[in-house]
Amino acid sequence: PEILDVSEYKLYSKSLTDGMSVFKLSDRWMEDSRRTPIYPILISFNNNFYIIRLLQLFSWLAYPLISNQILKKLSLHGVSIEHWVIVLTSLFPLGYYYSFITIPDIFTGILLGLWIIKTLDKKFFIASVISAVLIGLKPIFIFTVLLFPFFAIADLKKWFRSLFIVVFAIISLMFWNYHRTNRFEISSVSTTNLYDYNRKLVLRFELGTETTDSIYKAEKDLIQRKKLNEIQLKKFLRQQSVNTILEYPLTYLFIHFKGMFATIIDPGRFDAMVYWGWKRSRGFLDVNDGHQQSNWPWFQWIYTAAFLAINIIRGIVFSLGIWRNRQNLKVLWLCFLIITYLFFIGPVGSARYLIPIIIPIISISVLGLRNSLLANSK
């Protein structure tokens, strides 16, 4: 199965052997700094991708084990809940889909789970190493650095020493990109996504789809006429995006939080279309899909309704787990981690973005189920 992200990672991997730092993707040139290097390096050793996908599948099958370990750190006693962890993990089909799709999401999920365990254990050195690898897989995980201090207050010196590893990894990544693209940056993905998704969603909400598409077409023509280099292009994209957000700040906030909510409840119909090869059709999110067909086959309606219901139920027991354990600082910290991640993801709500945080979500949801079981047994 192919999605745009897969093409980007494969082309980056190919560029490592070809000695190129800029490559053609669809109708535009793209710098490899859009993606961080660890995953492209991994797949460069495995041209047919079978080994990498097998590793991803084994990693996915280990998700329940990591969830159970986190539950033990949350001081869960008295009720056997391992089967509920397996059930809730099984009811998240995207884990199976993306085990066989060449992107790093499955790896980031298991690494984030291990990072949570080591942070709860206050083993900051190991947690810092995991954090550095996460950032090398996806730059969004730089937010993990912000969450260390919650458990480091008792030993700030130990935390600062461990933090050096993450800082060293970030600086090394920036030098890597500078060496390849003359850009001293972690990643360029934030600039392009800000323009292609965040800004476009705001304009579609305010001006409608037709007007927004005409604006983007005019800007594309302008870029081609002026023959902007990469530095000028990034400056132009960033400026246009910031201007739009400042012009419609309340709309942007609405779109941003709406996307966070959509990530949680999205039943993943698009991901099923990609994996099973269903004919593409326009979905609820309506973001850059380019597919005009809006009529869904009956089995897609059943799939969507079933997994939407599952997501809503999981959301209810997750909320119950938070409320019933609101005195537990570790549970609140996990909740804050999930919210922080969703905030960094932003307005492009998609079920796939839930993969890296499904382990802590399942852990807290099982807490909610456990509380319900205890309440019913009394």
# chains A, B, ... in the order shown; residues from 1 in each chain; ligands from 1
$ closest_atom_pairs --of "range 35-113 of chain A" --to "range 171-190 of chain A" --cutoff "12 Å" --atoms "only C-alpha atoms" --output "JSON lines"
{"residue": "A:Arg35", "atom": "CA", "partner": "A:Ser187", "partner_atom": "CA", "distance": 6.3}
{"residue": "A:Thr36", "atom": "CA", "partner": "A:Ser187", "partner_atom": "CA", "distance": 6.6}
{"residue": "A:Pro37", "atom": "CA", "partner": "A:Leu173", "partner_atom": "CA", "distance": 8.2}
{"residue": "A:Ile38", "atom": "CA", "partner": "A:Leu173", "partner_atom": "CA", "distance": 10.0}
$ write_last_selection --atoms "all heavy atoms" --output "PDB file, in the first residue's frame"
ATOM      1  N   ARG A  35      11.877  14.905   6.166  1.00  0.00           N
ATOM      2  CA  ARG A  35      11.807  13.723   7.033  1.00  0.00           C
ATOM      3  C   ARG A  35      13.119  13.584   7.800  1.00  0.00           C
ATOM      4  O   ARG A  35      14.187  13.937   7.297  1.00  0.00           O
ATOM      5  CB  ARG A  35      11.553  12.461   6.197  1.00  0.00           C
ATOM      6  CG  ARG A  35      10.238  12.469   5.471  1.00  0.00           C
ATOM      7  CD  ARG A  35       9.070  12.474   6.436  1.00  0.00           C
ATOM      8  NE  ARG A  35       7.780  12.599   5.752  1.00  0.00           N
ATOM      9  CZ  ARG A  35       6.624  12.702   6.391  1.00  0.00           C
ATOM     10  NH1 ARG A  35       6.601  12.694   7.717  1.00  0.00           N
ATOM     11  NH2 ARG A  35       5.503  12.811   5.725  1.00  0.00           N
ATOM     12  N   THR A  36      13.034  13.047   9.017  1.00  0.00           N
ATOM     13  CA  THR A  36      14.245  12.793   9.795  1.00  0.00           C
ATOM     14  C   THR A  36      14.860  11.459   9.359  1.00  0.00           C
ATOM     15  O   THR A  36      14.165  10.591   8.833  1.00  0.00           O
ATOM     16  CB  THR A  36      13.926  12.813  11.295  1.00  0.00           C
ATOM     17  OG1 THR A  36      12.672  12.151  11.526  1.00  0.00           O
ATOM     18  CG2 THR A  36      13.825  14.233  11.809  1.00  0.00           C
ATOM     19  N   PRO A  37      16.177  11.251   9.582  1.00  0.00           N
ATOM     20  CA  PRO A  37      16.913  10.231   8.830  1.00  0.00           C
ATOM     21  C   PRO A  37      16.857   8.792   9.328  1.00  0.00           C
ATOM     22  O   PRO A  37      17.186   7.889   8.562  1.00  0.00           O
ATOM     23  CB  PRO A  37      18.357  10.740   8.899  1.00  0.00           C
ATOM     24  CG  PRO A  37      18.433  11.511  10.176  1.00  0.00           C
ATOM     25  CD  PRO A  37      17.080  12.145  10.342  1.00  0.00           C
ATOM     26  N   ILE A  38      16.465   8.528  10.583  1.00  0.00           N
ATOM     27  CA  ILE A  38      16.642   7.172  11.106  1.00  0.00           C
ATOM     28  C   ILE A  38      15.854   6.134  10.305  1.00  0.00           C
ATOM     29  O   ILE A  38      16.394   5.088   9.915  1.00  0.00           O
ATOM     30  CB  ILE A  38      16.264   7.101  12.608  1.00  0.00           C
ATOM     31  CG1 ILE A  38      17.314   7.832  13.447  1.00  0.00           C
ATOM     32  CG2 ILE A  38      16.152   5.649  13.064  1.00  0.00           C
ATOM     33  CD1 ILE A  38      17.077   7.765  14.941  1.00  0.00           C
TER      34      ILE A  38
END
$ residues_around --residues "range 85-96 of chain A" --least-positions-apart "6" --cutoff "8 Å" --atoms "only C-alpha atoms" --output "number ranges by chain"
A: 57, 60, 63-64, 67-68, 106, 268, 271-272, 310, 351-352, 355, 362-363, 366
$ write_last_selection --atoms "N, CA and C atoms" --output "CSV table (one decimal), in the first residue's frame"
chain,number,residue,atom,x,y,z
A,57,LEU,N,5.5,-5.6,12.6
A,57,LEU,CA,4.4,-6.5,13.0
A,57,LEU,C,4.7,-7.0,14.4
A,60,TRP,N,4.1,-4.3,16.9
A,60,TRP,CA,2.7,-4.1,17.2
A,60,TRP,C,2.2,-5.2,18.1
A,63,TYR,N,2.6,-4.4,21.8
A,63,TYR,CA,1.9,-3.3,22.4
A,63,TYR,C,1.2,-3.7,23.7
A,64,PRO,N,0.5,-4.8,23.7
A,64,PRO,CA,-0.2,-5.2,25.0
A,64,PRO,C,0.8,-5.4,26.1
A,67,SER,N,1.7,-2.0,27.4
A,67,SER,CA,0.5,-1.4,28.2
A,67,SER,C,0.4,-2.0,29.5
A,68,ASN,N,0.6,-3.3,29.6
A,68,ASN,CA,0.6,-4.0,30.9
A,68,ASN,C,1.7,-3.5,31.9
A,106,ILE,N,4.5,2.6,13.8
A,106,ILE,CA,4.5,1.5,14.8
A,106,ILE,C,5.7,1.6,15.7
A,268,GLY,N,-11.0,5.6,10.9
A,268,GLY,CA,-9.9,5.1,10.1
A,268,GLY,C,-10.4,4.5,8.7
A,271,ASP,N,-7.6,4.8,6.1
A,271,ASP,CA,-6.5,3.9,6.3
A,271,ASP,C,-6.9,2.5,5.8
A,272,ALA,N,-8.2,2.1,6.0
A,272,ALA,CA,-8.7,0.9,5.5
A,272,ALA,C,-8.7,0.9,4.0
A,310,ILE,N,-16.8,1.9,18.5
A,310,ILE,CA,-15.7,1.4,19.3
A,310,ILE,C,-14.9,2.5,19.9
A,351,ALA,N,-7.0,9.1,12.2
A,351,ALA,CA,-6.8,8.0,13.1
A,351,ALA,C,-5.4,7.5,13.1
A,352,ARG,N,-4.7,7.6,12.0
A,352,ARG,CA,-3.3,7.1,12.0
A,352,ARG,C,-2.4,7.8,13.0
A,355,ILE,N,-1.7,6.1,16.5
A,355,ILE,CA,-0.9,4.9,16.7
A,355,ILE,C,0.2,5.1,17.8
A,362,ILE,N,-4.8,3.1,25.8
A,362,ILE,CA,-5.3,1.8,26.3
A,362,ILE,C,-5.1,1.6,27.8
A,363,SER,N,-3.9,2.0,28.2
A,363,SER,CA,-3.7,1.8,29.7
A,363,SER,C,-4.7,2.5,30.5
A,366,VAL,N,-8.2,0.9,30.3
A,366,VAL,CA,-8.3,-0.3,31.1
A,366,VAL,C,-8.5,0.1,32.6
$ closest_residue --among "A:Lys234, A:Leu54, A:Phe100, A:Leu207" --to "Trp276 in chain A" --atoms "only C-alpha atoms"
A:Phe100
$ atom_distance --atom1 "CA of Ile51 in chain A" --atom2 "CA of Ile142 in chain A"
27.7 Å
$ atom_distance --atom1 "CA of Asp18 in chain A" --atom2 "CA of Tyr50 in chain A"
22.1 Å
$ residues_around --residues "Arg53 in chain A" --least-positions-apart "6" --cutoff "9 Å" --atoms "only C-alpha atoms" --output "number ranges by chain"
A: 98-102
$ write_last_selection --atoms "all heavy atoms" --output "PDB file, in the first residue's frame"
ATOM      1  N   TYR A  98      -0.745  -0.584   9.528  1.00  0.00           N
ATOM      2  CA  TYR A  98       0.517   0.138   9.405  1.00  0.00           C
ATOM      3  C   TYR A  98       1.736  -0.697   9.792  1.00  0.00           C
ATOM      4  O   TYR A  98       2.861  -0.234   9.649  1.00  0.00           O
ATOM      5  CB  TYR A  98       0.447   1.447  10.190  1.00  0.00           C
ATOM      6  CG  TYR A  98      -0.382   2.472   9.454  1.00  0.00           C
ATOM      7  CD1 TYR A  98      -1.723   2.670   9.761  1.00  0.00           C
ATOM      8  CD2 TYR A  98       0.162   3.198   8.407  1.00  0.00           C
ATOM      9  CE1 TYR A  98      -2.503   3.578   9.054  1.00  0.00           C
ATOM     10  CE2 TYR A  98      -0.589   4.113   7.695  1.00  0.00           C
ATOM     11  CZ  TYR A  98      -1.928   4.292   8.019  1.00  0.00           C
ATOM     12  OH  TYR A  98      -2.689   5.185   7.309  1.00  0.00           O
ATOM     13  N   SER A  99       1.492  -1.919  10.231  1.00  0.00           N
ATOM     14  CA  SER A  99       2.613  -2.856  10.365  1.00  0.00           C
ATOM     15  C   SER A  99       3.155  -3.234   8.990  1.00  0.00           C
ATOM     16  O   SER A  99       4.329  -3.591   8.841  1.00  0.00           O
ATOM     17  CB  SER A  99       2.166  -4.128  11.095  1.00  0.00           C
ATOM     18  OG  SER A  99       1.846  -3.850  12.437  1.00  0.00           O
ATOM     19  N   PHE A 100       2.301  -3.140   7.964  1.00  0.00           N
ATOM     20  CA  PHE A 100       2.682  -3.553   6.616  1.00  0.00           C
ATOM     21  C   PHE A 100       2.826  -2.374   5.662  1.00  0.00           C
ATOM     22  O   PHE A 100       2.892  -2.550   4.453  1.00  0.00           O
ATOM     23  CB  PHE A 100       1.646  -4.549   6.077  1.00  0.00           C
ATOM     24  CG  PHE A 100       1.552  -5.803   6.889  1.00  0.00           C
ATOM     25  CD1 PHE A 100       0.546  -5.958   7.837  1.00  0.00           C
ATOM     26  CD2 PHE A 100       2.481  -6.819   6.732  1.00  0.00           C
ATOM     27  CE1 PHE A 100       0.469  -7.106   8.606  1.00  0.00           C
ATOM     28  CE2 PHE A 100       2.403  -7.976   7.498  1.00  0.00           C
ATOM     29  CZ  PHE A 100       1.397  -8.122   8.437  1.00  0.00           C
ATOM     30  N   ILE A 101       2.850  -1.159   6.218  1.00  0.00           N
ATOM     31  CA  ILE A 101       3.054   0.043   5.420  1.00  0.00           C
ATOM     32  C   ILE A 101       4.356   0.688   5.872  1.00  0.00           C
ATOM     33  O   ILE A 101       4.631   0.785   7.069  1.00  0.00           O
ATOM     34  CB  ILE A 101       1.861   1.014   5.573  1.00  0.00           C
ATOM     35  CG1 ILE A 101       0.580   0.355   5.034  1.00  0.00           C
ATOM     36  CG2 ILE A 101       2.125   2.324   4.833  1.00  0.00           C
ATOM     37  CD1 ILE A 101      -0.675   1.184   5.205  1.00  0.00           C
ATOM     38  N   THR A 102       5.155   1.117   4.913  1.00  0.00           N
ATOM     39  CA  THR A 102       6.524   1.532   5.215  1.00  0.00           C
ATOM     40  C   THR A 102       6.590   2.967   5.733  1.00  0.00           C
ATOM     41  O   THR A 102       7.006   3.897   5.034  1.00  0.00           O
ATOM     42  CB  THR A 102       7.411   1.376   3.958  1.00  0.00           C
ATOM     43  OG1 THR A 102       7.118   0.132   3.329  1.00  0.00           O
ATOM     44  CG2 THR A 102       8.887   1.418   4.327  1.00  0.00           C
TER      45      THR A 102
END
$ residues_around --residues "Phe168 in chain A" --least-positions-apart "6" --cutoff "12 Å" --atoms "only C-alpha atoms" --output "ChimeraX atom specification"
/A:128-129,131-133,135-136,161-162,174-175
$ residues_around --residues "Pro347 in chain A" --least-positions-apart "4" --cutoff "10 Å" --atoms "only C-alpha atoms" --output "PyMOL selection string"
chain A and resi 194+197-199+201-202+252-263+342-343
$ write_last_selection --atoms "N, CA and C atoms" --output "mmCIF file, in the first residue's frame"
data_model
loop_
_atom_site.group_PDB
_atom_site.id
_atom_site.type_symbol
_atom_site.label_atom_id
_atom_site.label_comp_id
_atom_site.auth_asym_id
_atom_site.auth_seq_id
_atom_site.Cartn_x
_atom_site.Cartn_y
_atom_site.Cartn_z
ATOM 1 N N LEU A 194 2.133 23.356 7.567
ATOM 2 C CA LEU A 194 1.432 24.566 7.976
ATOM 3 C C LEU A 194 0.711 25.186 6.788
ATOM 4 N N TYR A 197 -1.903 22.164 4.972
ATOM 5 C CA TYR A 197 -3.016 21.651 5.756
ATOM 6 C C TYR A 197 -3.626 22.708 6.685
ATOM 7 N N ASN A 198 -2.820 23.219 7.614
ATOM 8 C CA ASN A 198 -3.376 24.143 8.610
ATOM 9 C C ASN A 198 -4.030 25.348 7.955
ATOM 10 N N ARG A 199 -3.271 26.022 7.086
ATOM 11 C CA ARG A 199 -3.810 27.216 6.439
ATOM 12 C C ARG A 199 -4.977 26.872 5.519
ATOM 13 N N LEU A 201 -7.139 24.468 5.647
ATOM 14 C CA LEU A 201 -8.364 24.170 6.393
ATOM 15 C C LEU A 201 -9.056 25.446 6.866
ATOM 16 N N VAL A 202 -8.259 26.416 7.317
ATOM 17 C CA VAL A 202 -8.833 27.692 7.765
ATOM 18 C C VAL A 202 -9.496 28.415 6.604
ATOM 19 N N TYR A 252 -8.885 29.472 13.455
ATOM 20 C CA TYR A 252 -7.777 28.528 13.532
ATOM 21 C C TYR A 252 -7.830 27.711 14.822
ATOM 22 N N LEU A 253 -8.125 28.363 15.946
ATOM 23 C CA LEU A 253 -8.235 27.634 17.211
ATOM 24 C C LEU A 253 -9.322 26.569 17.131
ATOM 25 N N PHE A 254 -10.459 26.945 16.523
ATOM 26 C CA PHE A 254 -11.553 25.981 16.360
ATOM 27 C C PHE A 254 -11.102 24.800 15.505
ATOM 28 N N ILE A 255 -10.461 25.096 14.367
ATOM 29 C CA ILE A 255 -9.989 24.045 13.463
ATOM 30 C C ILE A 255 -8.946 23.164 14.160
ATOM 31 N N HIS A 256 -8.080 23.794 14.955
ATOM 32 C CA HIS A 256 -7.006 23.062 15.639
ATOM 33 C C HIS A 256 -7.587 22.064 16.647
ATOM 34 N N PHE A 257 -8.496 22.529 17.505
ATOM 35 C CA PHE A 257 -9.071 21.637 18.517
ATOM 36 C C PHE A 257 -10.040 20.632 17.900
ATOM 37 N N LYS A 258 -10.685 21.030 16.819
ATOM 38 C CA LYS A 258 -11.543 20.088 16.096
ATOM 39 C C LYS A 258 -10.708 18.933 15.545
ATOM 40 N N GLY A 259 -9.506 19.259 15.011
ATOM 41 C CA GLY A 259 -8.615 18.219 14.503
ATOM 42 C C GLY A 259 -8.132 17.289 15.597
ATOM 43 N N MET A 260 -7.850 17.841 16.774
ATOM 44 C CA MET A 260 -7.444 17.005 17.905
ATOM 45 C C MET A 260 -8.541 16.011 18.259
ATOM 46 N N PHE A 261 -9.789 16.494 18.285
ATOM 47 C CA PHE A 261 -10.925 15.622 18.604
ATOM 48 C C PHE A 261 -11.133 14.584 17.507
ATOM 49 N N ALA A 262 -10.985 15.032 16.228
ATOM 50 C CA ALA A 262 -11.178 14.112 15.106
ATOM 51 C C ALA A 262 -10.173 12.973 15.135
ATOM 52 N N THR A 263 -8.938 13.248 15.571
ATOM 53 C CA THR A 263 -7.918 12.211 15.672
ATOM 54 C C THR A 263 -8.365 11.089 16.604
ATOM 55 N N LEU A 342 -1.423 15.435 20.936
ATOM 56 C CA LEU A 342 -2.528 15.811 20.047
ATOM 57 C C LEU A 342 -2.447 17.283 19.658
ATOM 58 N N PHE A 343 -2.014 18.133 20.597
ATOM 59 C CA PHE A 343 -1.873 19.552 20.296
ATOM 60 C C PHE A 343 -0.785 19.776 19.254
#
$ atom_distance --atom1 "CA of Arg314 in chain A" --atom2 "CA of Ile265 in chain A"
9.3 Å
$ select_by_dssp --residues "range 72-311 of chain A" --states "alpha helix (DSSP H)" --output "PyMOL selection string"
chain A and resi 72-73+82-90+94-99+105-120+124-137+144-147+156-181+189-193+200-207+209-226+230-247+249-265+269-276+298-311
$ residues_around --residues "Leu65 in chain A" --least-positions-apart "3" --cutoff "12 Å" --atoms "only C-alpha atoms" --output "MDAnalysis selection string"
chainID A and resid 58:62 68:72 81:86 89 110 113:114 117 359:360 362:363
$ closest_residue --among "A:Gly277, A:Thr212, A:Ile140, A:Phe164" --to "Leu112 in chain A" --atoms "only C-alpha atoms"
A:Ile140
$ residues_around --residues "Phe45 in chain A" --least-positions-apart "3" --cutoff "12 Å" --atoms "only C-alpha atoms" --output "PyMOL selection string"
chain A and resi 10+13-14+16-17+38-42+48-52
$ closest_residue --among "A:Ile322, A:Ile264, A:Lys200, A:Ile338" --to "Phe307 in chain A" --atoms "only C-alpha atoms"
A:Ile264
$ decode --residues "range 338-350 of chain A" --atoms "N, CA, C and O atoms" --output "short mmCIF file (atom, residue, chain, number, x, y, z; two decimals), in the first residue's frame"
data_model
loop_
_atom_site.label_atom_id
_atom_site.label_comp_id
_atom_site.auth_asym_id
_atom_site.auth_seq_id
_atom_site.Cartn_x
_atom_site.Cartn_y
_atom_site.Cartn_z
N ILE A 338 -0.73 12.75 26.40
CA ILE A 338 -1.63 12.51 25.26
C ILE A 338 -2.14 13.83 24.69
O ILE A 338 -2.13 14.04 23.46
N ILE A 339 -2.56 14.75 25.56
CA ILE A 339 -3.07 16.04 25.11
C ILE A 339 -1.97 16.85 24.41
O ILE A 339 -2.21 17.48 23.37
N THR A 340 -0.75 16.81 24.97
CA THR A 340 0.37 17.54 24.37
C THR A 340 0.66 17.01 22.97
O THR A 340 0.85 17.78 22.02
N TYR A 341 0.68 15.70 22.82
CA TYR A 341 0.92 15.09 21.51
C TYR A 341 -0.16 15.52 20.52
O TYR A 341 0.15 15.93 19.39
N LEU A 342 -1.42 15.43 20.94
CA LEU A 342 -2.53 15.81 20.05
C LEU A 342 -2.45 17.28 19.66
O LEU A 342 -2.75 17.66 18.52
N PHE A 343 -2.01 18.13 20.60
CA PHE A 343 -1.87 19.55 20.30
C PHE A 343 -0.78 19.78 19.25
O PHE A 343 -0.94 20.59 18.34
N PHE A 344 0.33 19.04 19.37
CA PHE A 344 1.40 19.16 18.40
C PHE A 344 0.97 18.65 17.02
O PHE A 344 1.42 19.15 15.99
N ILE A 345 0.11 17.61 17.00
CA ILE A 345 -0.40 17.09 15.73
C ILE A 345 -1.21 18.16 15.00
O ILE A 345 -1.10 18.33 13.79
N GLY A 346 -2.03 18.89 15.76
CA GLY A 346 -2.75 20.02 15.17
C GLY A 346 -4.05 19.64 14.50
O GLY A 346 -4.69 18.65 14.85
N PRO A 347 -4.44 20.42 13.48
CA PRO A 347 -5.79 20.33 12.94
C PRO A 347 -6.05 19.17 11.99
O PRO A 347 -7.19 18.90 11.65
N VAL A 348 -5.00 18.49 11.51
CA VAL A 348 -5.21 17.41 10.54
C VAL A 348 -5.60 16.15 11.29
O VAL A 348 -4.77 15.28 11.55
N GLY A 349 -6.86 16.03 11.66
CA GLY A 349 -7.32 14.90 12.45
C GLY A 349 -7.36 13.62 11.62
O GLY A 349 -8.01 13.56 10.57
N SER A 350 -6.65 12.61 12.06
CA SER A 350 -6.62 11.33 11.35
C SER A 350 -6.33 10.22 12.34
O SER A 350 -5.49 10.37 13.23
#
